[in-house]
Amino acid sequence: MSGEYGHKLMEAKEEEEVVLNSGHSMPMLGFGTAAVPLPPHDELVSVFIAAIEAGYRHFDTATLYGSEDALGLALAHAQRQGLIHNRGEVFVTTKLWCSDAHPGLVLPALKKSLKKLGLEYVDLYLIHFPVRLRHGIGGNISKGDVLPFDIKGTWEAMEECSKLGLTKSIGVSNFGARKLSELLQNATITPAVNQVEMNVAWQQRNLRKFCQEKGIHVSAWSPLGANGASWGSLAVMESPVLKHIATTTGKTVPQIALRWILEQGVSSVVKSFNKVRMKENLQIFDWKLSESDLVKIKQIPQFRAFLAREFVSEDGPYKSLDDFWDGEI
């Protein structure tokens, strides 16, 4: 392969994947599998197969989502049907839920996730939040459920999962700079990824700078503002700035939002169970935003949509939102 065409292909490939500090490559666009309420199991399997057919090769799940088993079935079906030829073609992320965020519970939790997924390993295993909950607590959290979080011991257990080959890379989710600093004081493996809320209305400039300095890749959840969620926002999808850019470029608002994240060197986990939008969201790699568009996006008012108030109480480990989010609210 030579000439301008070959160069463009290489450039596109580089954009479509990132090499993590673990040495493993991760697709820059992931397919999110969380939904409230969760669709029926068979419907979910069909959605994930449709996503594979559309071209997604990175799937993001979690113990909390309840979608691991459906994703596992979809991957097995896709391999049988020849949509994917081997396990190595797909990048799978799952997450340790807070009720298992304790040194002795991490490895059993990952093994349980692997069994549900029907896989021998995941590509990325994340600590879902810097939080420990009482055992057995799911999404309905009361103030007394939040326990002191052993960040050092829990990360050591994550490192053990990596050394055992049960996950190719390990990382965190929803960690601010202070908590990452605390983790790094004793870590022998630096987190490969910090998956956080990020979009044009919450650009995470300070945290991105910190992660870049430490060699930690930032991945964005809620890249389109999660406007269907109870805590979500219309700040992305109804942004006058993005709407104007979409009109002048002939792109969709989600494409503009996702392209902006990509141009920050950040990957995205995007969720749409609509087949048309699934394909549209993948079409962000062969064009660029103009400098003037980037300047306009930088001026969009900033606010964090997801506050995680349920983890904060006067009697708990986190006394304030400021404390939980390391001053970034």
# chains A, B, ... in the order shown; residues from 1 in each chain; ligands from 1

call {"tool": "closest_atom_pairs", "arguments": {"of": "segment 89-168 of chain A", "to": "segment 30-43 of chain A", "cutoff": "10 Å", "atoms": "only C-alpha atoms", "output": "JSON lines"}}
result
{"residue": "A:Phe91", "atom": "CA", "partner": "A:Gly30", "partner_atom": "CA", "distance": 8.7}
{"residue": "A:Val92", "atom": "CA", "partner": "A:Gly30", "partner_atom": "CA", "distance": 9.0}
{"residue": "A:Thr93", "atom": "CA", "partner": "A:Gly30", "partner_atom": "CA", "distance": 9.1}

call {"tool": "write_last_selection", "arguments": {"atoms": "N, CA and C atoms", "output": "PDB file, in the first residue's frame"}}
result
ATOM      1  N   PHE A  91     -13.826  -6.399  21.077  1.00  0.00           N
ATOM      2  CA  PHE A  91     -13.307  -5.853  22.331  1.00  0.00           C
ATOM      3  C   PHE A  91     -14.476  -5.751  23.312  1.00  0.00           C
ATOM      4  N   VAL A  92     -14.364  -6.433  24.443  1.00  0.00           N
ATOM      5  CA  VAL A  92     -15.450  -6.449  25.432  1.00  0.00           C
ATOM      6  C   VAL A  92     -14.993  -5.808  26.740  1.00  0.00           C
ATOM      7  N   THR A  93     -15.742  -4.819  27.173  1.00  0.00           N
ATOM      8  CA  THR A  93     -15.517  -4.158  28.462  1.00  0.00           C
ATOM      9  C   THR A  93     -16.634  -4.555  29.414  1.00  0.00           C
TER      10      THR A  93
END

call {"tool": "select_by_dssp", "arguments": {"residues": "segment 69-193 of chain A", "states": "strand (DSSP E)", "output": "list in words"}}
result
Phe91, Val92, Thr93, Thr94, Lys95, Leu96, Val122, Asp123, Leu124, Tyr125, Leu126, Ile127, Arg132, Leu133, Val146, Leu147, Thr167, Lys168, Ser169, Ile170, Gly171, Val172, Ser173 and Val193 of chain A

call {"tool": "residues_around", "arguments": {"residues": "Asp293 of chain A", "least_positions_apart": "5", "cutoff": "12 Å", "atoms": "only C-alpha atoms", "output": "list in words"}}
result
Val200, Val241, Leu242, Lys243, His244, Ile245, Ala246, Thr248, Thr249, Ile256, Ala257, Arg259, Trp260, Glu263, Lys288, Lys298, Gln299 and Ile300 of chain A

call {"tool": "residues_around", "arguments": {"residues": "segment 181-184 of chain A", "least_positions_apart": "6", "cutoff": "12 Å", "atoms": "only C-alpha atoms", "output": "list of chain:residue names"}}
result
A:Ile127, A:Pro130, A:Phe149, A:Asp150, A:Ile151, A:Lys152, A:Gly153, A:Thr154, A:Trp155, A:Glu156, A:Met158, A:Glu159, A:Gly171, A:Val172, A:Phe175, A:Thr190, A:Pro191, A:Ala192, A:Leu207, A:Phe210, A:Cys211, A:Glu213, A:Lys214, A:Gly215, A:Ile216, A:Asp326

call {"tool": "write_last_selection", "arguments": {"atoms": "N, CA, C and O atoms", "output": "short mmCIF file (atom, residue, chain, number, x, y, z; two decimals), in the first residue's frame"}}
result
data_model
loop_
_atom_site.label_atom_id
_atom_site.label_comp_id
_atom_site.auth_asym_id
_atom_site.auth_seq_id
_atom_site.Cartn_x
_atom_site.Cartn_y
_atom_site.Cartn_z
N ILE A 127 -13.32 -0.69 37.47
CA ILE A 127 -14.03 -0.44 38.74
C ILE A 127 -15.10 0.59 38.41
O ILE A 127 -14.80 1.70 37.98
N PRO A 130 -15.70 4.72 42.43
CA PRO A 130 -14.80 4.65 43.59
C PRO A 130 -15.62 4.50 44.88
O PRO A 130 -15.59 5.36 45.78
N PHE A 149 -14.19 2.63 51.17
CA PHE A 149 -13.67 1.99 49.97
C PHE A 149 -12.16 1.82 50.10
O PHE A 149 -11.43 2.80 50.25
N ASP A 150 -11.70 0.58 50.05
CA ASP A 150 -10.27 0.27 50.12
C ASP A 150 -9.69 0.36 48.71
O ASP A 150 -9.63 -0.63 47.98
N ILE A 151 -9.25 1.54 48.35
CA ILE A 151 -8.79 1.79 46.98
C ILE A 151 -7.52 0.99 46.66
O ILE A 151 -7.37 0.43 45.58
N LYS A 152 -6.62 0.90 47.64
CA LYS A 152 -5.35 0.19 47.44
C LYS A 152 -5.59 -1.31 47.26
O LYS A 152 -5.13 -1.92 46.30
N GLY A 153 -6.32 -1.92 48.21
CA GLY A 153 -6.58 -3.35 48.16
C GLY A 153 -7.41 -3.76 46.96
O GLY A 153 -7.17 -4.82 46.35
N THR A 154 -8.40 -2.94 46.61
CA THR A 154 -9.27 -3.26 45.48
C THR A 154 -8.48 -3.22 44.18
O THR A 154 -8.63 -4.08 43.31
N TRP A 155 -7.59 -2.23 44.05
CA TRP A 155 -6.78 -2.14 42.83
C TRP A 155 -5.77 -3.29 42.75
O TRP A 155 -5.52 -3.83 41.67
N GLU A 156 -5.24 -3.71 43.88
CA GLU A 156 -4.33 -4.87 43.89
C GLU A 156 -5.06 -6.11 43.37
O GLU A 156 -4.49 -6.91 42.62
N MET A 158 -7.58 -6.05 41.27
CA MET A 158 -7.74 -5.82 39.83
C MET A 158 -6.46 -6.21 39.09
O MET A 158 -6.50 -6.85 38.03
N GLU A 159 -5.32 -5.86 39.67
CA GLU A 159 -4.03 -6.22 39.08
C GLU A 159 -3.87 -7.74 39.02
O GLU A 159 -3.34 -8.28 38.03
N GLY A 171 -8.90 -0.89 34.42
CA GLY A 171 -9.06 0.55 34.52
C GLY A 171 -10.13 0.90 35.53
O GLY A 171 -10.55 0.07 36.35
N VAL A 172 -10.57 2.15 35.46
CA VAL A 172 -11.55 2.67 36.41
C VAL A 172 -12.62 3.45 35.67
O VAL A 172 -12.49 3.75 34.48
N PHE A 175 -13.69 8.13 38.22
CA PHE A 175 -12.65 8.55 39.16
C PHE A 175 -12.18 9.96 38.81
O PHE A 175 -11.88 10.25 37.65
N THR A 190 -0.64 0.83 35.94
CA THR A 190 -1.41 2.07 35.79
C THR A 190 -2.73 1.76 35.10
O THR A 190 -2.75 1.00 34.12
N PRO A 191 -3.84 2.32 35.57
CA PRO A 191 -5.11 2.11 34.86
C PRO A 191 -4.97 2.45 33.38
O PRO A 191 -4.37 3.47 33.04
N ALA A 192 -5.50 1.58 32.53
CA ALA A 192 -5.43 1.82 31.09
C ALA A 192 -6.46 2.86 30.66
O ALA A 192 -6.23 3.62 29.72
N LEU A 207 -9.60 17.00 34.04
CA LEU A 207 -9.38 15.57 34.23
C LEU A 207 -8.66 14.96 33.02
O LEU A 207 -7.78 14.11 33.17
N PHE A 210 -4.99 15.74 33.30
CA PHE A 210 -4.35 14.89 34.32
C PHE A 210 -4.12 13.48 33.77
O PHE A 210 -3.04 12.91 33.90
N CYS A 211 -5.16 12.91 33.15
CA CYS A 211 -5.05 11.54 32.63
C CYS A 211 -4.00 11.44 31.52
O CYS A 211 -3.25 10.46 31.45
N GLU A 213 -1.32 13.23 31.25
CA GLU A 213 0.00 13.28 31.89
C GLU A 213 0.39 11.92 32.49
O GLU A 213 1.56 11.58 32.55
N LYS A 214 -0.62 11.16 32.91
CA LYS A 214 -0.37 9.85 33.55
C LYS A 214 -0.45 8.67 32.58
O LYS A 214 -0.26 7.53 32.98
N GLY A 215 -0.73 8.95 31.32
CA GLY A 215 -0.83 7.89 30.32
C GLY A 215 -2.10 7.08 30.41
O GLY A 215 -2.14 5.91 29.98
N ILE A 216 -3.15 7.67 30.98
CA ILE A 216 -4.44 6.99 31.13
C ILE A 216 -5.39 7.48 30.03
O ILE A 216 -5.63 8.68 29.91
N ASP A 326 -14.07 15.10 43.49
CA ASP A 326 -12.75 15.74 43.57
C ASP A 326 -12.77 17.20 43.11
O ASP A 326 -11.86 17.67 42.42
#

call {"tool": "closest_residue", "arguments": {"among": "A:Val266, A:Ile261, A:Val196, A:Ile49", "to": "Trp325 of chain A", "atoms": "only C-alpha atoms"}}
result
A:Val196

call {"tool": "decode", "arguments": {"residues": "segment 310-326 of chain A", "atoms": "N, CA and C atoms", "output": "short mmCIF file (atom, residue, chain, number, x, y, z; two decimals), in the first residue's frame"}}
result
data_model
loop_
_atom_site.label_atom_id
_atom_site.label_comp_id
_atom_site.auth_asym_id
_atom_site.auth_seq_id
_atom_site.Cartn_x
_atom_site.Cartn_y
_atom_site.Cartn_z
N GLU A 310 -26.63 9.58 45.50
CA GLU A 310 -26.89 8.41 46.36
C GLU A 310 -25.65 7.93 47.10
N PHE A 311 -24.47 8.32 46.63
CA PHE A 311 -23.22 7.90 47.29
C PHE A 311 -22.75 8.89 48.36
N VAL A 312 -23.49 9.97 48.51
CA VAL A 312 -23.06 11.06 49.40
C VAL A 312 -24.00 11.20 50.59
N SER A 313 -23.43 11.24 51.80
CA SER A 313 -24.23 11.51 53.01
C SER A 313 -23.31 11.98 54.13
N GLU A 314 -23.88 12.69 55.10
CA GLU A 314 -23.09 13.23 56.21
C GLU A 314 -22.41 12.13 57.02
N ASP A 315 -23.02 10.95 57.06
CA ASP A 315 -22.48 9.85 57.86
C ASP A 315 -21.59 8.90 57.05
N GLY A 316 -21.55 9.07 55.74
CA GLY A 316 -20.81 8.14 54.89
C GLY A 316 -19.38 8.58 54.59
N PRO A 317 -18.65 7.78 53.80
CA PRO A 317 -17.27 8.12 53.44
C PRO A 317 -17.17 9.42 52.64
N TYR A 318 -18.20 9.72 51.83
CA TYR A 318 -18.22 10.96 51.05
C TYR A 318 -19.26 11.91 51.63
N LYS A 319 -18.79 13.02 52.19
CA LYS A 319 -19.67 13.95 52.89
C LYS A 319 -20.37 14.95 51.96
N SER A 320 -19.79 15.15 50.77
CA SER A 320 -20.34 16.16 49.84
C SER A 320 -20.08 15.71 48.40
N LEU A 321 -20.83 16.31 47.48
CA LEU A 321 -20.61 16.05 46.06
C LEU A 321 -19.22 16.50 45.64
N ASP A 322 -18.77 17.60 46.21
CA ASP A 322 -17.44 18.13 45.93
C ASP A 322 -16.38 17.09 46.30
N ASP A 323 -16.58 16.43 47.42
CA ASP A 323 -15.68 15.39 47.91
C ASP A 323 -15.70 14.19 46.96
N PHE A 324 -16.90 13.79 46.55
CA PHE A 324 -17.03 12.62 45.68
C PHE A 324 -16.37 12.86 44.32
N TRP A 325 -16.59 14.05 43.75
CA TRP A 325 -16.10 14.34 42.41
C TRP A 325 -14.77 15.08 42.39
N ASP A 326 -14.07 15.10 43.49
CA ASP A 326 -12.75 15.74 43.57
C ASP A 326 -12.77 17.20 43.11
#
